[in-house]
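**Student:** Take this structure, written in structure tokens, and hold onto it; I'll ask about it next.
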Amino acid sequence: MSSNHDSLAIRMGGESGEGIVTIGEVFVRVAARSGLEVFTFRTYPAEIMGGHVVYQARIGRDRVLSDGDEIDALVALNEEAYEKHIGELRPGGTLIYDSGTVHPPDDGHDHYPVPVTEISQQLDFSRGKNLVMVGALVGLHGLPMERAAEVVTSRLGKYEALLPKNLESLTRGLNHVREHFIDRLPPQLDPPPGETPERLIMTGNQAAALGALAAGCRFYSGYPITPATGLMEFMAQNLPPLGGKVVQTEDEIAAITMAMGASFAGAKAMTATSGPGFALMVEALGHASMTEVPLVVVDVQRAGPSTGMPTKTAQADLFMALYAGNDEAPRLVLAPDSVEDCFYRMIDAFNLAEAYQMPVVVLSDQAMSARVETIPDIDLSSIKLVDRLKPEPNESDNGGYRRYELTESGVSPMAIPGMPGMFYTAEGLEHSEKGAPDYTPEMHRAMTEKRHRKVDAARQLIQRLPVSDRWGDPKAEIGIMGWGSSKGAVREAMERVEASKIRVEAFYTRSLIPMPDELVRSFLKGKRAIIVPELNYRGMFANVLEHRYSREIVHNGIRIIHLPKYDGLPFRPVDICRAVHRAAIELMDGVFKEWEPGC
Amino acid sequence: MSSNHDSLAIRMGGESGEGIVTIGEVFVRVAARSGLEVFTFRTYPAEIMGGHVVYQARIGRDRVLSDGDEIDALVALNEEAYEKHIGELRPGGTLIYDSGTVHPPDDGHDHYPVPVTEISQQLDFSRGKNLVMVGALVGLHGLPMERAAEVVTSRLGKYEALLPKNLESLTRGLNHVREHFIDRLPPQLDPPPGETPERLIMTGNQAAALGALAAGCRFYSGYPITPATGLMEFMAQNLPPLGGKVVQTEDEIAAITMAMGASFAGAKAMTATSGPGFALMVEALGHASMTEVPLVVVDVQRAGPSTGMPTKTAQADLFMALYAGNDEAPRLVLAPDSVEDCFYRMIDAFNLAEAYQMPVVVLSDQAMSARVETIPDIDLSSIKLVDRLKPEPNESDNGGYRRYELTESGVSPMAIPGMPGMFYTAEGLEHSEKGAPDYTPEMHRAMTEKRHRKVDAARQLIQRLPVSDRWGDPKAEIGIMGWGSSKGAVREAMERVEASKIRVEAFYTRSLIPMPDELVRSFLKGKRAIIVPELNYRGMFANVLEHRYSREIVHNGIRIIHLPKYDGLPFRPVDICRAVHRAAIELMDGVFKEWEPGC
Amino acid sequence: MITTKVNLKTKDLKSEVKPIWCPGCGDYGVLNSVFRTIIDLKLDPSHVAVVSGIGCSGRFPAFVNAYGFHGVHGRALPLATGVKLANPDLTVFVVGGDGDAFSIGAGHLPHAARRNVDLTYVVMDNSIYGLTKGQPSPTSPVDVAVDSMQRHKGRRKGMAGMLRLAQADKPVNPIALALGYDASFVARGFSGQPRVLNEILKTAVLHSGFSFVQVISPCTTFYNTYDLWRETAEPLPEEHDASDRAAAFQLALEPGRRYTGIFYRHERPSFEDQVARLVAEPTDAAAPAAISGLLEQFRR
Amino acid sequence: MITTKVNLKTKDLKSEVKPIWCPGCGDYGVLNSVFRTIIDLKLDPSHVAVVSGIGCSGRFPAFVNAYGFHGVHGRALPLATGVKLANPDLTVFVVGGDGDAFSIGAGHLPHAARRNVDLTYVVMDNSIYGLTKGQPSPTSPVDVAVDSMQRHKGRRKGMAGMLRLAQADKPVNPIALALGYDASFVARGFSGQPRVLNEILKTAVLHSGFSFVQVISPCTTFYNTYDLWRETAEPLPEEHDASDRAAAFQLALEPGRRYTGIFYRHERPSFEDQVARLVAEPTDAAAPAAISGLLEQFRR
Ligand SMILES: Cc1ncc(C[n+]2csc(CCOP(=O)(O)OP(=O)(O)O)c2C)c(N)n1
Ligand SMILES: Cc1ncc(C[n+]2csc(CCOP(=O)(O)OP(=O)(O)O)c2C)c(N)n1
Ligand code: SF4
Ligand code: SF4
Ligand SMILES: [Mg+2]
Ligand SMILES: [Mg+2]
């Protein structure tokens, strides 16, 4: 039986990307349709086509928050997959394999051979191999055949002629395991009783794109780059039918400037990219800040530096998002922390861009962008949209309009071309209230302050939005602070740690500029150690905390414990558990023992 | 008499850039040749040609370190100049003007009318107007006529036919003031007695370019941008005769990548730009870091953001230099703090780039790049150059060479194309020791650490180089910390503050990555308040200090006092004095009074 | 193209901001021609947007009483493409220098051309970098050093080095370039010939698609080529068939000839029209129905 | 050009790194042709540098036993220009895809061409973005959506949207483009015709100056055009005079014709030679005498 009855991590490995991915994609949808929650992970081969691929599906009765620590089941489609991954299969775990190609030794695991190759040969339909395996997985995990048939029909239905053979393959796989293993099925995950809650199943890139659409985005310009391409492709498919425009530009500089032009002309506009592309956008980002053009820029972070590892994950563009630009170009920076959150943060991003007329950077990451998660249903009616402040049209007031009026909040009414008599030039040089170039020391001071004032205004607002999460034991002396997609692993770790009686509390922020200062300060009260898990080497967020809250941190003797990870992979709960235990040992003079798996 | 007998600040203002600048440039050279020290400042008109221009020359018996606080003399060539600047002339200051065009009221200043227009008409040589005024300035300040004639001959000598008329104009100006004002000359600055020390007179851009040449730079690629253009133009003039190559590229991305190509092929290579151009280089900078190519990038900072104010100064690209890049791309960052220092820091920059095979960013700024300073003679023989580590050629070892060998210091031998048998590909993807693409978690960890290890190695070295300066009263509780060209104003302010019995000590670093941590920590001991003057809004260096030394700062209750300035102009000593006095009042419970000019 | 019934005068189109150009700069002529074009075509200034990059010429938008966007260096074309796509009712002028167009912005021109966005791109070509004070540009002839040493006033030592090095670079031929890109309207004007220029600009604005207009706009301060162009500019041969791209290319290469006029034009659907074909009618911002339809696809 | 007396074999030129390309990818053919060129011209691999950008094709340098620089996306040309200028003894190949060359790198091509740096630029044109999995490139024909829907295997929903939108973009014509830039050597090869390609590459390397070689290198995974080119590629008409740029342009525009061969060549001094003329003999690194001479000019 699984060490955790509520979830199972199933890893599938084999040659040829498409096959494995099909098995995984179909299987998780069957699981989801059967009332389970899913959370996936996959790797990408070095070769363009073919090459070894892993698709991992964690399925659970309750929401699954991370990839977990170890795997409960391994699905090996070839010997390589067995060799590569058997070491990570938990003791007594489930081994499922194509008995035609894999010949495992007696290794102490529960073996489930499935004659995938043989069955497909019998059917004279080698393309159906994947579905034989899906059938076997469905059968072994006790999922309903009808759900599986539905998924296959809806996903592969367009090849109508092949559908009967596909369904037959599925059935044969299922029947095989029912016949042979009915008396020794691997750990089962019964869907929770009662009505199955509404769930959507999608990737982070899809959630972000849907959020943009719901936020009113009507212009998208972008340049392909892994792992942000999916977002562009989604927009290309779905924005035009809404009357929006999508352009694949010649490069990232064109992408961001084209979006700026569209925004200037009145559209809610965005671009999305990954680190190398974001680096190219730095000059224009400053221009958007200076000209006060609303703009949303998504950076789906990947591991670097430079071209780096395009298919691996990291949280290491934080400094670039916060600070890059010549001189000081205020921007806002948000970071969704789950697939679901990608949707809502995009709504916030567009709203903030419009409200404060400035660029908003949204930091996603490769792992979150590409994984499939089941997420709660979205209530579109609860979404409130914000539009930019516009001047009262006043045709007779020709020449009186002040685009960059120095207001208390820093926000000035923005005319849209086409409005009669509100002429102005969006100006990248330092400028007067009317937008005319002006280099006087007084004006530069005033405009610098105006631009920064908008961030202060946003800071006020942000305290009242759901931009941070605090959970755990409020009396804890050990805290965990972080941002972005590591949150799921932290949530899961917290549950385990709490079970081991260590008190711990966590704080995650989804807004990095502005920081929700009051909430952070109140969290810091009473803490003695703060663990900051980050997918980067130098601890960027830890740096931000240490600078910004240095007084609280040092006065109260809080130890900031960097927990850096820079290997291209997401955090596992165990990484967090270990760090908490280590902190607990140090703080409590050895009352707690070093963490061991299982705690 | 001047309130400061050791230096005089003379401001010249008028229409038409060229005229005023010629007067200023000739006059400061005459002063320098006469044994005085000079330090200039100028403004640029909004118009491309013509428009109001200021050229300010501060001349002194000892080294002049800043523009000073107020002006001792105003030279007005038109009414506008009088109107604009008379308010800043110190009470009882000197007013020199063209009596043909300016008609000042009786304003309490010492008036010196010079019939410039009339004299040039008499000579029927209106182009000589500028020299008439130079002659008058030379005469009024008691500088030797022979020096003036020498300067005019060497600077304008190429128009040989006009030389007699030019010299005649000069003489007539001089004679006029000798005749009319001999009994009431304005404050004089006698050159210090004894032998005149050797001095060079140049701008920061020239000093940096000369430093690059002396450091062995043999490839320069760049794209014009104010205020870095002067550096490129100097290289275009002077690098080819040394056998080096200069290319004006199509943009800044080409500039930096071309320099990288040249460096890969074995040349010491550099580019220079200003903020907007630097922003475009961010992607390639990361590439240089990843491929470990030695490279020097100069950023002559200008006031921004975006196109901003190209002819105004700032120190606001610090964050971009420190942090910009996708993921973590280690680089070193130096900041010269005077025109002289521009020369030496460029030597360091090339040496560090070669030693650690990584990009080195040098942060200059508009004010420093464009001003003329007298600097001590340069002893070329004292300069030590470093060359990159190369592998032992080993033709038979084909395939054994490991370009990215994991060494203790992080530095690996770098082959140069042309070396037999040392083939490798400089790789922007994460790579193995041999340079082959490698995305394994272990390799990414190892290579990330290797790249950062080089910064640690440089940190050791830097403590032993003259990369920081500490001066003032070591027992002081008030400290000043900073970087870059504000140092001169701080030096001058310190002298005055010390005279007023307030104890103060200063620390300036010329290395921002790595920071000379030990030296900073030792400086912080015993301090209660640290003033951080910076030409930016949010206090970037203060942020670095607060993060990096948060323990020392908060434990010892040190107050970090941001002294931001964001108006496009350099610091004046008075700005620093005021801040010190304010700090002293607060620390000492009001023992000291608010600062007043003259203290 | 949205027009007005009001009879505009030049003074209505002049903004409060006074041009910073040097006396005699060719850019004044271009500004006047753009005014003339707006007046003659009765364009409604509220529906005119002028987009530029950086350079002396890039300062242009601020001088016009219309909507303007002063972009960063070299990015005028993508910026303007965004403006036009988001609001196809606008008449969009893109203006800028030869450095902006052919040097730092050179990567955008082929794409604006092939997309055939309905923009009128006026490249104010002075064969020099004006704003940064006299470095060679991609259209500087190889003898620019000699030429401009003799002519320009603001001679500086360092620049001489720059200009000398420029002798290693063959200049680009903007007309040949634009023809290589298949821009659907390719013309050359000269700011010293306002009548011809006005005609070209009007035709360019009326052309539905991307119009590339190289305007010789001499820099009186750093590289004065007024005399050269006044003396040698000539209209394209009357018999030239402007629909023949290869013939236009041949004329563009003719050594020593300085033609003005329309080298090439060819109507094909504009980008906006093509995109519009592929796009539904705009829905209102929230479009909850459409979005919730999309969400359905993701229901488990 | 530094040559060797050793008789090289292909295996000497193959590096330890195994190509990551899909079976049948056109890039294998190009790699073999480059090996052949090095062997036939007896180039010394120690004096060969292969510089690339990003793309499937951009992985090229790692597969060759020579010096290599895998640049960032679109910057192969300036990178290679730096290599060649700093070390003119090297024979420099620049390799990369159509996206790298004509999209993100489009701003560098006109300048490498006009400078006439002695580089051999091999654009491996598959009319698609291979590495990012099938988006349209600047050379994708407008019917790429239809075409590649029928042919390629890796069909994905989102990409279909991308490809459909590409119908609004007219493709660039690389040969016309290069002629517009006045590249001094302009040719087209096809990786499915190794004999012709070898000849072109050899001539290109021997050409002193910038050689632009468009090589049709089909992407078997996302946009397989092997059959199309195998069936319709034809040599340039024998009577074509390769020194006639306008004639070459005309041939480049001929609708429906898929010519391979050398469209244009014209020897003019290379950038390195021009720069060398303007530059003194290299002095040693410190060059204290020269520097102190310079310092003298600044003595007060
Ligand atoms: C990214 C960037 N690089 C460089 C500059 C500096 N710069 C301003 S204008 C200009 C070139 C001007 O030449 P051109 O485009 O021909 O315009 P002109 O001034 O001649 O009208 C340059 C290089 C800049 N503003 N931004
Ligand atoms: C700055 C940047 N933007 C985008 C990418 C993503 N990217 C990698 S290769 C590529 C295009 C590949 O197409 P092509 O140049 O035609 O080469 P091919 O793969 O077809 O050989 C793109 C967009 C990147 N690596 N860097
Ligand atoms: S410098 Fe030349 S281009 Fe610029 S405004 Fe003056 S004349 Fe015109
Ligand atoms: S995806 Fe296409 S271009 Fe890339 S390796 Fe495969 S076949 Fe070649
Ligand atoms: Mg120009
Ligand atoms: Mg391609």
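Identifiers in the structure tokens: chain A, B, ... in order shown; residue index from 1 per chain; ligand index from 1 in order shown.
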Tell me, as a count of residues only, which residues lie within 12 Å of A:Ala436, counting only C-alpha atoms; anything in the same chain fewer than 3 positions away does not count.
**Tutor:** 37
**Student:** Please determine the contact residues of chain A with respect to chain C at a cut-off of 6 Å, counting only C-alpha atoms, and supply them as a ChimeraX atom specification.
**Tutor:** /A:32-33,199-201,214,216,240-243,254,257-259,261-262,265,417-418,420,423-427
**Student:** Kindly give the distance, in Å, that separates atom CA of A:Ile513 and atom CA of A:Glu292, rounded to a single decimal.
**Tutor:**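 For atom CA of A:Ile513 relative to atom CA of A:Glu292, the distance reads 16.5 Å.
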**Student:** Give as number ranges by chain the residues surrounding ligand 6 up to a distance of 8 Å, considering only C-alpha atoms and all ligand atoms.
**Tutor:** D: 55-57, 97-100, 124-131, 137, 219
**Student:** Counting only C-alpha atoms, collect the residues of chain D whose closest atom lies at most 7 Å from chain C, and write them out as a ChimeraX atom specification.
**Tutor:** /D:105-107,114-115,168-172,176-177,180-181,246,249-250,271,274-275
**Student:** Please report as a ChimeraX atom specification which residues of chain A come no farther than 6 Å from chain B, using only C-alpha atoms.
**Tutor:** /A:275-276,279-280,282-283,286-287,304-308,316-317,319-320,323-329,428-430,441,444-445,546-547,550-551,554,566-567
**Student:** Would you mind telling me which residue in D:Pro194, D:Gly74, D:Pro23, D:Gly256 lies nearest to D:Arg36 when using only C-alpha atoms?
**Tutor:**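 Looking only at the distances to D:Arg36, the closest residue turns out to be D:Pro194.
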**Student:** Could you pull out all residues of stretch 336-561 of chain B with a DSSP call of helix (DSSP H, G or I) and give them as a PyMOL selection string?
**Tutor:** chain B and resi 339-356+366-370+380-382+441-462+484-499+517-524+540-548+550-555
**Student:** Can you pull out every residue within 12 Å of B:Ile480, counting only C-alpha atoms, but drop anything in the same chain fewer than 4 positions away, and send it as a ChimeraX atom specification?
**Tutor:** /B:469-474,476,486-487,489-491,493-494,503-509,520,523-524,527-534,541-542,558-563,576-577,579-580,583
**Student:** Taking the backbone alone, and naming residues the way the document does, which bits of stretch 15-128 of chain D are strand (DSSP E) by DSSP, as a list in words?
**Tutor:**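 For stretch 15-128 of chain D, the strand (DSSP E) set is Val48, Ala49, Val50, Val51, Ser52, Tyr67, Gly68, Phe69, His70, Thr91, Val92, Phe93, Val94, Val95, Gly96, Gly97, Thr120, Tyr121, Val122, Val123, Met124, Asp125 and Ile128 of chain D.
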**Student:** Might you pull out every residue within 9 Å of A:Thr22, with only C-alpha atoms counted and same-chain residues fewer than 5 positions away left off, and present them as a PyMOL selection string?
**Tutor:** chain A and resi 17+27+130-131+134
**Student:** Applying 9 Å and only C-alpha atoms, which residues near C:Ala233 remain after dropping the ones on its own chain fewer than 2 positions away? List them as number ranges by chain.
**Tutor:** C: 190, 228-231, 235, 257-260
**Student:** Write the selection just made, keeping all heavy atoms, as a JSON list (two decimals), in the first residue's frame?
**Tutor:**
[["chain", "number", "residue", "atom", "x", "y", "z"],
["C", 190, "PHE", "N", 12.37, 64.76, -51.93],
["C", 190, "PHE", "CA", 13.48, 65.61, -51.48],
["C", 190, "PHE", "C", 12.84, 66.81, -50.80],
["C", 190, "PHE", "O", 11.94, 67.44, -51.38],
["C", 190, "PHE", "CB", 14.33, 65.99, -52.70],
["C", 190, "PHE", "CG", 15.33, 67.09, -52.48],
["C", 190, "PHE", "CD1", 16.02, 67.22, -51.27],
["C", 190, "PHE", "CD2", 15.61, 68.01, -53.50],
["C", 190, "PHE", "CE1", 16.96, 68.24, -51.09],
["C", 190, "PHE", "CE2", 16.54, 69.03, -53.32],
["C", 190, "PHE", "CZ", 17.21, 69.15, -52.12],
["C", 228, "LEU", "N", 24.02, 69.42, -53.77],
["C", 228, "LEU", "CA", 24.13, 68.20, -54.55],
["C", 228, "LEU", "C", 22.76, 67.77, -55.09],
["C", 228, "LEU", "O", 22.59, 67.50, -56.28],
["C", 228, "LEU", "CB", 24.70, 67.10, -53.64],
["C", 228, "LEU", "CG", 24.84, 65.73, -54.28],
["C", 228, "LEU", "CD1", 26.02, 65.74, -55.24],
["C", 228, "LEU", "CD2", 25.03, 64.64, -53.22],
["C", 229, "TRP", "N", 21.77, 67.73, -54.20],
["C", 229, "TRP", "CA", 20.45, 67.26, -54.62],
["C", 229, "TRP", "C", 19.74, 68.27, -55.49],
["C", 229, "TRP", "O", 19.04, 67.91, -56.44],
["C", 229, "TRP", "CB", 19.62, 66.83, -53.42],
["C", 229, "TRP", "CG", 20.01, 65.46, -52.97],
["C", 229, "TRP", "CD1", 21.01, 65.14, -52.10],
["C", 229, "TRP", "CD2", 19.47, 64.23, -53.44],
["C", 229, "TRP", "NE1", 21.12, 63.79, -51.98],
["C", 229, "TRP", "CE2", 20.19, 63.19, -52.78],
["C", 229, "TRP", "CE3", 18.46, 63.87, -54.34],
["C", 229, "TRP", "CZ2", 19.90, 61.83, -53.00],
["C", 229, "TRP", "CZ3", 18.17, 62.53, -54.55],
["C", 229, "TRP", "CH2", 18.90, 61.53, -53.89],
["C", 230, "ARG", "N", 19.90, 69.54, -55.15],
["C", 230, "ARG", "CA", 19.26, 70.56, -55.99],
["C", 230, "ARG", "C", 19.77, 70.46, -57.42],
["C", 230, "ARG", "O", 19.01, 70.57, -58.37],
["C", 230, "ARG", "CB", 19.60, 71.96, -55.44],
["C", 230, "ARG", "CG", 18.77, 72.35, -54.25],
["C", 230, "ARG", "CD", 18.17, 73.76, -54.38],
["C", 230, "ARG", "NE", 17.32, 73.99, -53.21],
["C", 230, "ARG", "CZ", 17.79, 74.36, -52.03],
["C", 230, "ARG", "NH1", 19.08, 74.60, -51.85],
["C", 230, "ARG", "NH2", 16.96, 74.52, -51.02],
["C", 231, "GLU", "N", 21.07, 70.21, -57.52],
["C", 231, "GLU", "CA", 21.67, 70.19, -58.85],
["C", 231, "GLU", "C", 21.38, 68.91, -59.62],
["C", 231, "GLU", "O", 21.28, 68.92, -60.83],
["C", 231, "GLU", "CB", 23.19, 70.38, -58.74],
["C", 231, "GLU", "CG", 23.58, 71.84, -58.47],
["C", 231, "GLU", "CD", 24.92, 71.96, -57.76],
["C", 231, "GLU", "OE1", 25.73, 71.01, -57.86],
["C", 231, "GLU", "OE2", 25.14, 72.98, -57.08],
["C", 235, "PRO", "N", 13.41, 63.76, -62.01],
["C", 235, "PRO", "CA", 12.25, 62.87, -61.90],
["C", 235, "PRO", "C", 12.55, 61.52, -62.55],
["C", 235, "PRO", "O", 13.38, 61.44, -63.45],
["C", 235, "PRO", "CB", 11.15, 63.61, -62.67],
["C", 235, "PRO", "CG", 11.84, 64.66, -63.47],
["C", 235, "PRO", "CD", 13.18, 64.92, -62.88],
["C", 257, "ARG", "N", 22.62, 58.38, -60.70],
["C", 257, "ARG", "CA", 21.34, 59.04, -60.95],
["C", 257, "ARG", "C", 20.61, 59.23, -59.62],
["C", 257, "ARG", "O", 20.59, 58.35, -58.77],
["C", 257, "ARG", "CB", 20.45, 58.20, -61.89],
["C", 257, "ARG", "CG", 21.12, 57.83, -63.19],
["C", 257, "ARG", "CD", 21.59, 59.04, -63.98],
["C", 257, "ARG", "NE", 20.51, 59.72, -64.66],
["C", 257, "ARG", "CZ", 20.22, 59.53, -65.96],
["C", 257, "ARG", "NH1", 20.91, 58.65, -66.67],
["C", 257, "ARG", "NH2", 19.23, 60.19, -66.52],
["C", 258, "ARG", "N", 20.04, 60.39, -59.47],
["C", 258, "ARG", "CA", 19.30, 60.69, -58.23],
["C", 258, "ARG", "C", 17.83, 60.95, -58.59],
["C", 258, "ARG", "O", 17.40, 62.09, -58.72],
["C", 258, "ARG", "CB", 19.91, 61.90, -57.52],
["C", 258, "ARG", "CG", 21.29, 61.63, -56.99],
["C", 258, "ARG", "CD", 21.79, 62.65, -56.00],
["C", 258, "ARG", "NE", 23.02, 62.15, -55.39],
["C", 258, "ARG", "CZ", 24.19, 62.09, -56.01],
["C", 258, "ARG", "NH1", 24.31, 62.51, -57.25],
["C", 258, "ARG", "NH2", 25.24, 61.57, -55.39],
["C", 259, "TYR", "N", 17.10, 59.87, -58.71],
["C", 259, "TYR", "CA", 15.69, 59.99, -59.10],
["C", 259, "TYR", "C", 14.79, 60.33, -57.92],
["C", 259, "TYR", "O", 15.01, 59.86, -56.81],
["C", 259, "TYR", "CB", 15.19, 58.67, -59.71],
["C", 259, "TYR", "CG", 15.83, 58.31, -61.02],
["C", 259, "TYR", "CD1", 16.56, 57.14, -61.17],
["C", 259, "TYR", "CD2", 15.69, 59.15, -62.13],
["C", 259, "TYR", "CE1", 17.13, 56.79, -62.38],
["C", 259, "TYR", "CE2", 16.26, 58.82, -63.35],
["C", 259, "TYR", "CZ", 16.98, 57.64, -63.47],
["C", 259, "TYR", "OH", 17.55, 57.31, -64.67],
["C", 260, "THR", "N", 13.79, 61.12, -58.18],
["C", 260, "THR", "CA", 12.71, 61.26, -57.21],
["C", 260, "THR", "C", 11.40, 60.84, -57.88],
["C", 260, "THR", "O", 11.28, 60.88, -59.11],
["C", 260, "THR", "CB", 12.55, 62.71, -56.71],
["C", 260, "THR", "OG1", 12.29, 63.56, -57.83],
["C", 260, "THR", "CG2", 13.80, 63.20, -56.00]]
**Student:** Taking only C-alpha atoms and all ligand atoms into account, produce a table as JSON lines in which each residue of chain A with an atom at most 10 Å from an atom of ligand 4 appears once, together with its shortest atom pair and the distance in Å to one decimal, ordered by chain and rising number.
**Tutor:**
{"residue": "A:Glu47", "atom": "CA", "partner": "ligand 4", "partner_atom_place_in_ligand_line": "5 (S)", "distance": 7.8}
{"residue": "A:Ile48", "atom": "CA", "partner": "ligand 4", "partner_atom_place_in_ligand_line": "6 (Fe)", "distance": 5.5}
{"residue": "A:Met49", "atom": "CA", "partner": "ligand 4", "partner_atom_place_in_ligand_line": "6 (Fe)", "distance": 6.3}
{"residue": "A:Gly50", "atom": "CA", "partner": "ligand 4", "partner_atom_place_in_ligand_line": "6 (Fe)", "distance": 9.7}
**Student:** Calculate how many Å separate atom CA of D:Val213 from atom 13 (O, counted along the ligand's line) of ligand 2, rounding to one decimal.
**Tutor:**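 Atom-to-atom, atom CA of D:Val213 and atom 13 (O, counted along the ligand's line) of ligand 2 are spaced 16.9 Å apart.
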**Student:** Here is a test: counting only C-alpha atoms, which residue of A:Tyr82, A:Phe343, A:Tyr356, A:Tyr44 is nearest to A:Val293?
**Tutor:** A:Tyr356
**Student:** Provide the atom CA of B:Gln121 to atom CA of B:Ala9 distance in Å, to one decimal place.
**Tutor:**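 So the two atoms, atom CA of B:Gln121 and atom CA of B:Ala9, lie 29.8 Å apart.
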**Student:** Leaving out C:Leu41 and any residue of its chain fewer than 3 positions from it, which residues lie within 10 Å of it when counting only C-alpha atoms, given as a list in words?
**Tutor:**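 Once the adjacent positions are removed, what remains is Met1, Ile2, Thr3, Thr4, Arg36, Thr37, Ile38, Asp44, Lys202, Thr203, Val205 and Leu206 of chain C.
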**Student:** Rank C:Gln193, C:Ser211, C:Thr139, C:Ser184 by their smallest atom-to-atom distance to ligand 5, using only C-alpha atoms and all ligand atoms, and report the top residue only.
**Tutor:**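 Among the listed residues, C:Thr139 lies closest to ligand 5.
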**Student:** Near D:Gly189, counting only C-alpha atoms, which residues have an atom at most 9 Å away, once you skip same-chain residues fewer than 6 positions from it, shown as a list in words?
**Tutor:**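 Once the adjacent positions are removed, what remains is Val196, Leu197, Asn198, Ile200, Leu201, Val213, Gln214, Val215, Ile216, Ser217, Tyr259, Thr260, Gly261 and Ile262 of chain D.
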**Student:** Write to file, as a compact mmCIF listing (two decimals), in the first residue's frame, the residues of the selection just made, with C-alpha atoms.
**Tutor:**
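So part39.txt came out as:
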# COMPACT_ATOMS: atom_id res chain seq x y z
CA VAL D 196 25.30 21.39 -56.25
CA LEU D 197 25.47 22.51 -52.64
CA ASN D 198 29.10 21.45 -52.25
CA ILE D 200 28.22 26.52 -54.04
CA LEU D 201 29.78 26.31 -50.60
CA VAL D 213 23.88 31.15 -49.21
CA GLN D 214 20.25 30.24 -48.73
CA VAL D 215 20.08 26.49 -48.34
CA ILE D 216 16.69 24.87 -48.53
CA SER D 217 16.91 22.43 -45.66
CA TYR D 259 16.28 28.17 -58.99
CA THR D 260 19.41 26.91 -57.35
CA GLY D 261 22.89 28.19 -58.08
CA ILE D 262 24.80 31.42 -57.86
